[in-house]
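Structure data (CSV, C-alpha atoms) from work11.csv:
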chain,number,residue,atom,x,y,z
A,1,MET,CA,0.2,-0.9,-4.2
A,2,ARG,CA,0.2,-3.1,-7.3
A,3,GLU,CA,-2.4,-5.9,-7.2
A,4,PHE,CA,-2.2,-9.3,-8.9
A,5,ASP,CA,-3.9,-12.6,-8.8
A,6,VAL,CA,-0.6,-14.5,-8.6
A,7,ALA,CA,2.9,-13.5,-7.5
A,8,ILE,CA,5.7,-15.8,-8.6
A,9,ILE,CA,8.8,-15.6,-6.5
A,10,GLY,CA,11.7,-16.5,-8.7
A,11,GLY,CA,12.6,-15.4,-12.3
A,12,GLY,CA,14.4,-18.6,-13.5
A,13,ILE,CA,13.0,-21.0,-16.1
A,14,ALA,CA,10.5,-22.4,-13.6
A,15,GLY,CA,8.9,-19.1,-12.8
A,16,LEU,CA,9.0,-17.7,-16.4
A,17,SER,CA,7.5,-20.9,-17.9
A,18,LEU,CA,4.6,-20.7,-15.4
A,19,ALA,CA,4.1,-17.0,-16.1
A,20,TYR,CA,3.9,-17.9,-19.8
A,21,PHE,CA,1.2,-20.5,-19.4
A,22,LEU,CA,-0.6,-18.7,-16.6
A,23,ALA,CA,-0.7,-15.0,-17.8
A,24,PRO,CA,-3.5,-15.6,-20.3
A,25,HIS,CA,-5.8,-16.7,-17.4
A,26,ARG,CA,-4.7,-14.7,-14.4
A,27,SER,CA,-2.9,-11.4,-13.6
A,28,VAL,CA,0.7,-12.3,-12.8
A,29,ALA,CA,3.8,-10.7,-11.3
A,30,VAL,CA,7.2,-12.4,-11.4
A,31,ILE,CA,9.5,-11.2,-8.7
A,32,GLU,CA,13.3,-11.8,-9.1
A,33,ARG,CA,15.9,-10.7,-6.6
A,34,GLU,CA,18.9,-10.7,-9.0
A,35,ASP,CA,19.9,-8.2,-11.6
A,36,GLY,CA,19.0,-10.6,-14.4
A,37,LEU,CA,16.5,-13.3,-15.0
A,38,GLY,CA,17.7,-16.9,-14.9
A,39,TYR,CA,20.9,-15.8,-13.1
A,40,HIS,CA,21.5,-18.9,-11.1
A,41,SER,CA,20.6,-22.4,-12.2
A,42,THR,CA,19.0,-21.5,-15.6
A,43,GLY,CA,22.0,-19.4,-16.8
A,44,ARG,CA,24.5,-22.0,-15.8
A,45,SER,CA,23.0,-25.1,-17.3
A,46,ALA,CA,24.7,-27.4,-19.7
A,47,ALA,CA,21.6,-26.9,-21.9
A,48,GLU,CA,21.2,-30.6,-22.8
A,49,PHE,CA,18.0,-32.3,-23.9
A,50,VAL,CA,17.7,-36.1,-23.7
A,51,LEU,CA,14.7,-38.5,-23.6
A,52,ARG,CA,16.5,-41.3,-21.8
A,53,TYR,CA,19.1,-42.0,-19.0
A,54,ASN,CA,17.1,-40.1,-16.3
A,55,ALA,CA,14.5,-41.2,-13.8
A,56,PRO,CA,11.4,-42.6,-15.5
A,57,GLU,CA,9.2,-39.7,-14.4
A,58,VAL,CA,11.8,-37.2,-15.8
A,59,CYS,CA,11.9,-39.0,-19.1
A,60,GLU,CA,8.1,-38.8,-19.4
A,61,LEU,CA,8.2,-35.1,-18.6
A,62,ALA,CA,10.8,-34.7,-21.3
A,63,ALA,CA,8.7,-36.5,-23.8
A,64,ILE,CA,5.7,-34.3,-23.0
A,65,SER,CA,7.9,-31.2,-23.3
A,66,LYS,CA,9.5,-32.2,-26.6
A,67,VAL,CA,6.2,-31.6,-28.4
A,68,PHE,CA,6.5,-28.0,-27.4
A,69,PHE,CA,10.2,-27.8,-28.2
A,70,ASP,CA,9.6,-29.2,-31.7
A,71,ARG,CA,6.5,-27.1,-32.5
A,72,PRO,CA,6.4,-24.0,-30.3
A,73,PRO,CA,3.6,-21.5,-30.8
A,74,GLU,CA,4.0,-19.2,-33.7
A,75,GLY,CA,6.2,-16.3,-32.8
A,76,PHE,CA,7.7,-17.9,-29.8
A,77,SER,CA,11.2,-18.2,-31.2
A,78,ASP,CA,12.9,-17.2,-34.4
A,79,VAL,CA,15.3,-20.2,-34.2
A,80,ALA,CA,14.7,-23.9,-33.5
A,81,LEU,CA,14.7,-24.6,-29.8
A,82,LEU,CA,16.5,-27.9,-30.1
A,83,LYS,CA,19.6,-28.6,-32.2
A,84,GLN,CA,20.6,-32.2,-32.6
A,85,ARG,CA,24.0,-33.0,-31.1
A,86,GLY,CA,24.0,-36.8,-30.7
A,87,GLY,CA,25.8,-38.5,-27.8
A,88,VAL,CA,28.4,-41.2,-27.4
A,89,MET,CA,28.4,-43.3,-24.2
A,90,ILE,CA,31.8,-44.6,-23.4
A,91,ALA,CA,33.4,-47.0,-20.9
A,92,ASN,CA,36.9,-48.0,-20.0
A,93,ALA,CA,38.0,-51.6,-19.8
A,94,GLU,CA,36.7,-52.0,-16.2
A,95,LYS,CA,33.2,-51.0,-17.2
A,96,THR,CA,32.6,-52.7,-20.6
A,97,ALA,CA,30.1,-55.1,-18.9
A,98,ARG,CA,28.2,-52.2,-17.5
A,99,LEU,CA,28.1,-50.5,-20.9
A,100,GLU,CA,26.8,-53.7,-22.5
A,101,ALA,CA,24.1,-53.9,-19.9
A,102,VAL,CA,23.0,-50.3,-20.4
A,103,PHE,CA,23.1,-50.8,-24.2
A,104,ALA,CA,20.9,-53.9,-24.0
A,105,GLU,CA,18.4,-52.1,-21.7
A,106,GLU,CA,18.2,-48.9,-23.7
A,107,SER,CA,18.2,-50.4,-27.2
A,108,ALA,CA,15.1,-52.4,-26.2
A,109,VAL,CA,13.2,-49.1,-26.2
A,110,ASN,CA,15.4,-47.0,-28.5
A,111,PRO,CA,16.1,-48.7,-31.8
A,112,ASP,CA,18.2,-45.7,-32.9
A,113,LEU,CA,21.1,-46.7,-30.7
A,114,LYS,CA,24.2,-48.0,-32.5
A,115,ARG,CA,27.0,-50.1,-30.9
A,116,LEU,CA,30.4,-48.8,-31.9
A,117,THR,CA,33.8,-50.4,-32.1
A,118,VAL,CA,36.7,-48.5,-30.7
A,119,ASP,CA,37.7,-47.5,-34.2
A,120,GLU,CA,34.2,-46.3,-35.0
A,121,ALA,CA,34.0,-44.3,-31.8
A,122,ILE,CA,37.3,-42.5,-32.5
A,123,ALA,CA,36.2,-41.9,-36.1
A,124,LEU,CA,33.1,-40.2,-34.8
A,125,VAL,CA,34.8,-38.4,-31.9
A,126,PRO,CA,38.4,-37.9,-32.9
A,127,ILE,CA,39.5,-36.5,-29.5
A,128,LEU,CA,38.8,-39.8,-27.7
A,129,ARG,CA,41.8,-41.5,-26.3
A,130,ARG,CA,42.3,-45.0,-27.7
A,131,ASP,CA,43.9,-46.3,-24.5
A,132,TYR,CA,40.9,-45.2,-22.4
A,133,VAL,CA,37.9,-46.2,-24.5
A,134,ALA,CA,37.1,-49.9,-24.4
A,135,GLY,CA,33.4,-49.7,-25.3
A,136,ALA,CA,31.0,-47.2,-26.8
A,137,PHE,CA,27.6,-46.7,-28.4
A,138,TYR,CA,26.0,-43.8,-30.1
A,139,ASP,CA,22.6,-42.3,-29.4
A,140,PRO,CA,21.4,-39.7,-32.0
A,141,ASN,CA,18.7,-38.4,-29.5
A,142,PHE,CA,20.8,-35.8,-27.7
A,143,TRP,CA,20.0,-32.2,-28.4
A,144,ASP,CA,21.3,-28.8,-27.4
A,145,ILE,CA,18.7,-26.5,-26.0
A,146,GLU,CA,18.6,-22.9,-27.1
A,147,VAL,CA,18.1,-21.8,-23.5
A,148,ASP,CA,18.2,-18.0,-24.1
A,149,ASN,CA,15.6,-18.3,-26.9
A,150,LEU,CA,13.4,-20.5,-24.7
A,151,MET,CA,13.6,-18.1,-21.8
A,152,GLN,CA,13.0,-15.0,-24.0
A,153,GLY,CA,10.0,-16.8,-25.6
A,154,TYR,CA,8.5,-17.4,-22.2
A,155,LEU,CA,9.2,-13.8,-21.2
A,156,ARG,CA,7.7,-12.3,-24.3
A,157,GLY,CA,4.6,-14.4,-24.1
A,158,ALA,CA,4.1,-13.6,-20.4
A,159,ARG,CA,4.5,-9.9,-21.0
A,160,ARG,CA,2.2,-10.0,-24.0
A,161,HIS,CA,-0.6,-11.2,-21.7
A,162,GLY,CA,0.1,-8.5,-19.1
A,163,ALA,CA,2.5,-10.2,-16.7
A,164,ALA,CA,4.7,-7.8,-14.7
A,165,ILE,CA,8.4,-8.7,-14.4
A,166,ILE,CA,9.9,-7.1,-11.3
A,167,GLU,CA,13.7,-7.5,-11.2
A,168,ARG,CA,16.3,-6.6,-8.5
A,169,SER,CA,13.7,-7.0,-5.8
A,170,ASP,CA,13.8,-9.0,-2.6
A,171,VAL,CA,10.5,-10.1,-1.0
A,172,LEU,CA,10.4,-8.6,2.5
A,173,ALA,CA,8.0,-9.0,5.4
A,174,PRO,CA,5.1,-10.7,3.7
A,175,HIS,CA,1.9,-10.5,5.7
A,176,ARG,CA,-1.8,-11.1,5.2
A,177,LYS,CA,-4.4,-8.4,4.6
A,178,ASP,CA,-7.9,-9.6,4.2
A,179,ASP,CA,-7.7,-12.4,1.7
A,180,ARG,CA,-4.4,-11.3,0.1
A,181,TRP,CA,-0.7,-11.5,0.7
A,182,VAL,CA,1.1,-8.2,0.8
A,183,LEU,CA,4.8,-8.2,-0.1
A,184,ALA,CA,7.1,-5.4,0.5
A,185,THR,CA,9.7,-5.2,-2.3
A,186,SER,CA,12.4,-2.7,-3.2
A,187,ALA,CA,10.1,-1.8,-6.2
A,188,GLY,CA,7.2,-1.1,-3.9
A,189,ASP,CA,4.4,-3.1,-2.3
A,190,VAL,CA,2.8,-6.0,-4.2
A,191,SER,CA,-0.3,-7.8,-3.2
A,192,ALA,CA,-1.5,-11.2,-4.6
A,193,LYS,CA,-4.1,-13.8,-3.7
A,194,THR,CA,-1.7,-16.7,-4.5
A,195,ILE,CA,2.0,-17.0,-3.9
A,196,VAL,CA,4.1,-19.3,-6.1
A,197,ASN,CA,7.4,-20.5,-4.7
A,198,ALA,CA,9.7,-20.9,-7.7
A,199,ALA,CA,12.8,-19.8,-5.8
A,200,GLY,CA,15.0,-22.7,-6.8
A,201,GLY,CA,17.7,-23.4,-4.2
A,202,TRP,CA,15.9,-20.9,-1.9
A,203,ALA,CA,12.6,-22.7,-2.0
A,204,ASP,CA,12.7,-23.8,1.6
A,205,PRO,CA,13.8,-20.4,3.0
A,206,VAL,CA,11.0,-18.7,1.0
A,207,ALA,CA,8.5,-21.1,2.4
A,208,GLU,CA,9.7,-20.3,5.9
A,209,LEU,CA,9.4,-16.6,5.2
A,210,PHE,CA,5.7,-17.2,4.5
A,211,GLY,CA,5.3,-19.3,7.7
A,212,LEU,CA,5.4,-22.7,6.2
A,213,ALA,CA,7.6,-25.6,7.2
A,214,PRO,CA,10.5,-26.5,4.8
A,215,ILE,CA,10.0,-29.7,2.9
A,216,GLY,CA,13.7,-30.7,2.3
A,217,ILE,CA,14.6,-28.9,-0.9
A,218,VAL,CA,18.4,-29.1,-1.0
A,219,PRO,CA,20.6,-27.4,-3.6
A,220,HIS,CA,23.6,-29.3,-4.9
A,221,ARG,CA,26.6,-27.7,-6.6
A,222,ARG,CA,27.7,-28.8,-10.0
A,223,THR,CA,30.9,-27.7,-11.7
A,224,ALA,CA,31.9,-27.2,-15.3
A,225,ILE,CA,34.9,-25.9,-17.2
A,226,THR,CA,35.7,-25.1,-20.8
A,227,VAL,CA,39.1,-25.7,-22.5
A,228,ASP,CA,40.4,-25.1,-25.9
A,229,LEU,CA,39.9,-27.8,-28.6
A,230,PRO,CA,42.8,-28.7,-30.8
A,231,ASP,CA,43.1,-27.2,-34.3
A,232,GLY,CA,41.0,-29.1,-36.8
A,233,ILE,CA,38.3,-30.3,-34.4
A,234,ASP,CA,34.9,-29.0,-35.5
A,235,ALA,CA,32.9,-28.2,-32.4
A,236,LEU,CA,29.7,-27.9,-34.4
A,237,THR,CA,29.8,-31.6,-35.3
A,238,LEU,CA,31.3,-33.1,-32.2
A,239,PRO,CA,28.9,-35.3,-30.3
A,240,GLU,CA,28.4,-35.1,-26.5
A,241,ILE,CA,30.6,-37.6,-24.6
A,242,ASN,CA,29.1,-39.3,-21.5
A,243,GLU,CA,30.9,-41.7,-19.2
A,244,ILE,CA,28.6,-44.7,-18.7
A,245,ASP,CA,28.1,-44.1,-15.0
A,246,GLU,CA,28.2,-40.3,-15.5
A,247,ASP,CA,31.5,-39.9,-13.7
A,248,PHE,CA,31.9,-37.1,-16.2
A,249,TYR,CA,30.4,-35.7,-19.4
A,250,MET,CA,31.8,-33.4,-22.1
A,251,LYS,CA,30.2,-31.4,-24.9
A,252,PRO,CA,31.1,-28.5,-27.2
A,253,GLU,CA,30.4,-25.1,-25.7
A,254,GLY,CA,31.0,-21.9,-27.6
A,255,GLY,CA,33.6,-23.4,-29.8
A,256,ARG,CA,35.4,-25.0,-26.9
A,257,LEU,CA,35.0,-28.2,-24.9
A,258,LEU,CA,32.9,-28.2,-21.8
A,259,SER,CA,33.8,-30.8,-19.1
A,260,SER,CA,32.0,-31.5,-15.9
A,261,PRO,CA,32.8,-34.1,-13.2
A,262,ALA,CA,29.1,-34.4,-12.7
A,263,ASP,CA,29.5,-33.5,-9.1
A,264,ALA,CA,26.4,-33.1,-6.9
A,265,THR,CA,27.6,-31.6,-3.6
A,266,PRO,CA,25.0,-30.4,-1.1
A,267,CYS,CA,25.4,-26.7,-0.5
A,268,GLU,CA,23.7,-23.7,0.9
A,269,PRO,CA,21.7,-21.6,-1.5
A,270,ALA,CA,24.1,-18.9,-2.8
A,271,ASP,CA,25.8,-17.5,-5.8
A,272,VAL,CA,27.8,-20.7,-5.9
A,273,GLN,CA,31.4,-20.8,-7.1
A,274,PRO,CA,33.5,-23.7,-8.3
A,275,GLU,CA,35.8,-25.5,-5.9
A,276,GLU,CA,39.4,-26.0,-7.0
A,277,ILE,CA,39.2,-29.8,-6.5
A,278,ASP,CA,36.1,-30.0,-8.8
A,279,VAL,CA,37.8,-27.9,-11.4
A,280,ALA,CA,40.8,-30.2,-11.2
A,281,TRP,CA,38.7,-33.3,-11.6
A,282,ALA,CA,37.0,-31.8,-14.7
A,283,ALA,CA,40.4,-31.1,-16.2
A,284,HIS,CA,41.7,-34.5,-15.2
A,285,TYR,CA,38.8,-36.3,-17.0
A,286,VAL,CA,39.6,-34.3,-20.2
A,287,GLU,CA,43.2,-35.6,-20.2
A,288,GLU,CA,42.3,-39.1,-19.1
A,289,ALA,CA,39.6,-39.8,-21.7
A,290,THR,CA,40.6,-37.5,-24.6
A,291,THR,CA,43.7,-36.3,-26.4
A,292,VAL,CA,42.9,-32.7,-25.6
A,293,PRO,CA,45.7,-31.1,-23.6
A,294,VAL,CA,44.5,-28.8,-20.8
A,295,ARG,CA,47.0,-26.0,-21.1
A,296,ARG,CA,44.6,-23.6,-19.4
A,297,VAL,CA,41.1,-23.6,-18.1
A,298,PHE,CA,39.4,-20.9,-20.2
A,299,LYS,CA,36.4,-20.6,-17.9
A,300,SER,CA,35.0,-22.4,-14.8
A,301,TRP,CA,31.7,-22.0,-13.1
A,302,ALA,CA,29.2,-23.8,-10.8
A,303,GLY,CA,25.5,-23.9,-10.6
A,304,MET,CA,22.8,-25.3,-8.3
A,305,ARG,CA,20.6,-28.3,-8.9
A,306,SER,CA,17.9,-28.4,-6.2
A,307,PHE,CA,16.3,-31.7,-5.2
A,308,ALA,CA,13.5,-32.8,-3.0
A,309,PRO,CA,14.2,-35.9,-0.8
A,310,ASP,CA,12.7,-38.3,-3.4
A,311,ARG,CA,14.3,-36.4,-6.4
A,312,LEU,CA,11.0,-35.6,-8.0
A,313,PRO,CA,9.7,-32.1,-8.7
A,314,VAL,CA,7.4,-30.5,-6.2
A,315,ILE,CA,4.3,-29.0,-7.9
A,316,GLY,CA,1.2,-28.1,-6.1
A,317,PHE,CA,-0.6,-26.2,-3.3
A,318,ALA,CA,0.6,-26.5,0.3
A,319,ARG,CA,-1.7,-28.6,2.4
A,320,GLU,CA,-1.9,-26.0,5.2
A,321,ARG,CA,-2.1,-23.0,2.9
A,322,PRO,CA,-4.2,-23.2,-0.2
A,323,ASP,CA,-2.9,-19.8,-1.3
A,324,PHE,CA,0.8,-21.0,-1.4
A,325,PHE,CA,1.9,-23.0,-4.4
A,326,TRP,CA,5.2,-24.9,-4.7
A,327,LEU,CA,7.1,-25.0,-8.0
A,328,ALA,CA,10.4,-26.4,-6.9
A,329,GLY,CA,12.8,-29.3,-6.8
A,330,GLN,CA,13.4,-29.7,-10.6
A,331,GLY,CA,16.9,-30.9,-10.0
A,332,GLY,CA,19.0,-30.5,-13.1
A,333,TYR,CA,16.0,-31.0,-15.4
A,334,GLY,CA,14.1,-27.7,-15.0
A,335,ILE,CA,14.9,-26.4,-18.5
A,336,LEU,CA,14.2,-29.6,-20.4
A,337,THR,CA,10.9,-30.2,-18.5
A,338,SER,CA,9.8,-26.6,-18.4
A,339,PRO,CA,7.0,-26.8,-21.0
A,340,ALA,CA,5.4,-29.7,-19.2
A,341,LEU,CA,5.8,-28.4,-15.7
A,342,GLY,CA,4.9,-24.8,-16.6
A,343,ALA,CA,1.7,-26.0,-18.2
A,344,LEU,CA,0.9,-28.4,-15.4
A,345,ALA,CA,1.4,-25.8,-12.7
A,346,ALA,CA,-0.8,-23.3,-14.6
A,347,SER,CA,-3.6,-25.9,-14.9
A,348,LEU,CA,-3.5,-26.6,-11.1
A,349,ILE,CA,-3.6,-22.9,-10.2
A,350,VAL,CA,-6.4,-22.1,-12.6
A,351,GLY,CA,-8.3,-25.4,-11.9
A,352,THR,CA,-8.5,-26.6,-15.5
A,353,ALA,CA,-7.9,-30.1,-16.9
A,354,THR,CA,-4.5,-31.6,-16.7
A,355,PRO,CA,-2.5,-31.0,-19.9
A,356,HIS,CA,-3.1,-33.7,-22.5
A,357,GLY,CA,0.4,-35.1,-22.5
A,358,PHE,CA,0.1,-36.2,-18.9
A,359,GLU,CA,-2.9,-38.4,-19.6
A,360,ALA,CA,-1.3,-39.8,-22.7
A,361,ALA,CA,1.8,-40.7,-20.7
A,362,SER,CA,-0.3,-42.1,-17.8
A,363,LEU,CA,1.6,-39.7,-15.5
A,364,ASP,CA,-0.4,-38.7,-12.5
A,365,PRO,CA,0.3,-35.1,-11.4
A,366,SER,CA,-0.5,-36.0,-7.8
A,367,MET,CA,2.9,-37.8,-7.6
A,368,PHE,CA,4.5,-34.3,-7.7
A,369,SER,CA,2.3,-32.8,-4.9
A,370,PRO,CA,4.1,-31.2,-1.9
A,371,VAL,CA,1.7,-33.1,0.3
A,372,ARG,CA,3.9,-36.2,0.0
A,373,LEU,CA,6.7,-34.3,1.8
A,374,GLU,CA,4.8,-32.3,4.3
A,375,ALA,CA,4.9,-33.4,7.9
What is this file in C-alpha cells?
Amino acid sequence: MREFDVAIIGGGIAGLSLAYFLAPHRSVAVIEREDGLGYHSTGRSAAEFVLRYNAPEVCELAAISKVFFDRPPEGFSDVALLKQRGGVMIANAEKTARLEAVFAEESAVNPDLKRLTVDEAIALVPILRRDYVAGAFYDPNFWDIEVDNLMQGYLRGARRHGAAIIERSDVLAPHRKDDRWVLATSAGDVSAKTIVNAAGGWADPVAELFGLAPIGIVPHRRTAITVDLPDGIDALTLPEINEIDEDFYMKPEGGRLLSSPADATPCEPADVQPEEIDVAWAAHYVEEATTVPVRRVFKSWAGMRSFAPDRLPVIGFARERPDFFWLAGQGGYGILTSPALGALAASLIVGTATPHGFEAASLDPSMFSPVRLEA
C-alpha cells in the first residue's frame, strides 16, 4: 500500500495546481480516472484570461492570479503564460443603451477602454458585419492562456517535490483504517490522512462516496465550434469578440474562428458532447454578427462548468469531516484563478498564513468555505 499525507481526487487544473503548491509541504498523490490529465473541463476551455466582466470575487481572484501568470517561478514555463489578445464588446441596435451603460461602468475603473465607432470597430475586426454592429468598445486587457504550459508547469513542479500522479484509476470502496483513508484503485491501494475532492463535475458524487452529503455542485454544459476564417484574415492579430450580454463570444483558435453560444445547460457529470441545437446556434451567431460564411463546422465540442448554488468556489474542510477537503465549484474560471485557489487551498491544508494577495485584496477566504452550503 502506498501511503501519503494527502490524496487529491481529480487531475484537472484544480487538482494539479493544488499539488504544485502543496507538494513542498506534504506527501501528495493525485488520482485521475481518465487516460489523460485535464481531460474534461481543463482540456476543453476557451483559455481566456480577463480581469473584468465576471463576479467581483472572481475578478479579485483573477487579479491575485495574474501576478503568478506574469512572473511564474523560474523554470515553470519556457513560454509566456499569457498572450495579449484584446477584446471588442459589441452590441446590435437594440442594445446600444446597454453597451453605453457597461462602458460607463467599466471605464470608471479601467481607463484603458476605448469607445469605438462602427468604422473603427470594423477596421479593428474586419469580419464584423456592418448591419449588425451598432456599438462597440475595445478592451486591451484580454489574454489567451497557454493552458498546456500552465498545466505542465504545475505537473513538473508537483513531481519535482515528490507528488505521485496516478492516472486511469477510479477510486473504489474508500474506508477508514485507524486515522487514515484507504482507497482501492486500479493501480493498487492508496492510503492518506486527508482527501481532497477536486473532481469537478463529479464533486458531489465523490463526496457521497466518502459518506458526506452533497452540497449542490451542478455541472453545466457549454458548447463551442470552430470554422474556417476567410483568406486574408490574420487569426494572430484578431481580437476576441464578445456580445454585450454574452449571448455569444468568438475568438481565434488554431488559425480558425471559435464561436460559442455561451450556453450553460445543467447536465449530469459525463464526457459531455455538444447538442445539435447548440452547435447550430454557435454557427448562427457567426453568420449573424460577422461576414464569415459557415460552409462547414470544422470541429465542435462541449465542456463542463461546475457551479455551487451561489456561484462561488468551494474551498475548505467539510464541517463534519476535518479530513475531507473541498476544492470544487470553480465554474468556468478554474484555469484563470488556479494560482490563487491552488495557493489558498494549500495554505488551508497545511495551516499556514493566507497567501498575501488575499489580504491585499481584502478577500476573506472564509467566503469560499463549504460550511456555507452544508446543511
statement: Across A:Gly329, A:Pro293, A:Pro230, A:Gly316, the smallest distance to Ala345 of chain A, with all atoms listed in the file counted, is shown by A:Gly316
So that I can see what lies close to Arg222 of chain A, please list as an mmCIF file with C-alpha atoms, in the coordinates of the input the residues with an atom at most 6 Å from it, counting only C-alpha atoms and leaving out residues fewer than 2 positions away in the same chain.
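Dumped to result.cif:
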data_model
loop_
_atom_site.group_PDB
_atom_site.id
_atom_site.type_symbol
_atom_site.label_atom_id
_atom_site.label_comp_id
_atom_site.auth_asym_id
_atom_site.auth_seq_id
_atom_site.Cartn_x
_atom_site.Cartn_y
_atom_site.Cartn_z
ATOM 1 C CA ASP A 263 29.500 -33.500 -9.100
ATOM 2 C CA ALA A 264 26.400 -33.100 -6.900
ATOM 3 C CA ALA A 302 29.200 -23.800 -10.800
ATOM 4 C CA GLY A 303 25.500 -23.900 -10.600
#
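Proximity to Ser259 of chain A was assessed for A:Leu336, A:Ala46, A:Leu61, A:Leu82 counting only C-alpha atoms; the smallest distance is recorded for A:Ala46.
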Selection near Arg115 of chain A, 10 Å with all atoms listed in the file, sequence-local residues under 3 positions removed, as a PyMOL selection string: chain A and resi 88-89+100+103-104+107+118+120-121+135-139
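Closest approach to Pro313 of chain A among A:Pro370, A:Pro126, A:Pro72, A:Gly357 is made by A:Pro370 (distances from only C-alpha atoms).
Nearest residue to Ala198 of chain A among A:Ile122, A:Ala93, A:Ile335, A:Ile8 is A:Ile8, counting only C-alpha atoms.
Distances from A:Ser260, A:Val227, A:Asp179, A:Ile31 to Ala19 of chain A were compared using all atoms listed in the file, and the smallest one belongs to A:Ile31.
You will find atom CA of Thr352 of chain A at 24.9 Å from atom CA of Gly75 of chain A.
Of the residues listed (A:Met151, A:Leu51, A:Ile195, A:Ala123), A:Ile195 shows the shortest atom-to-atom separation from Val30 of chain A; distances use only C-alpha atoms.
The spacing separating atom CA of Lys114 of chain A from atom CA of Gly332 of chain A amounts to 26.6 Å.
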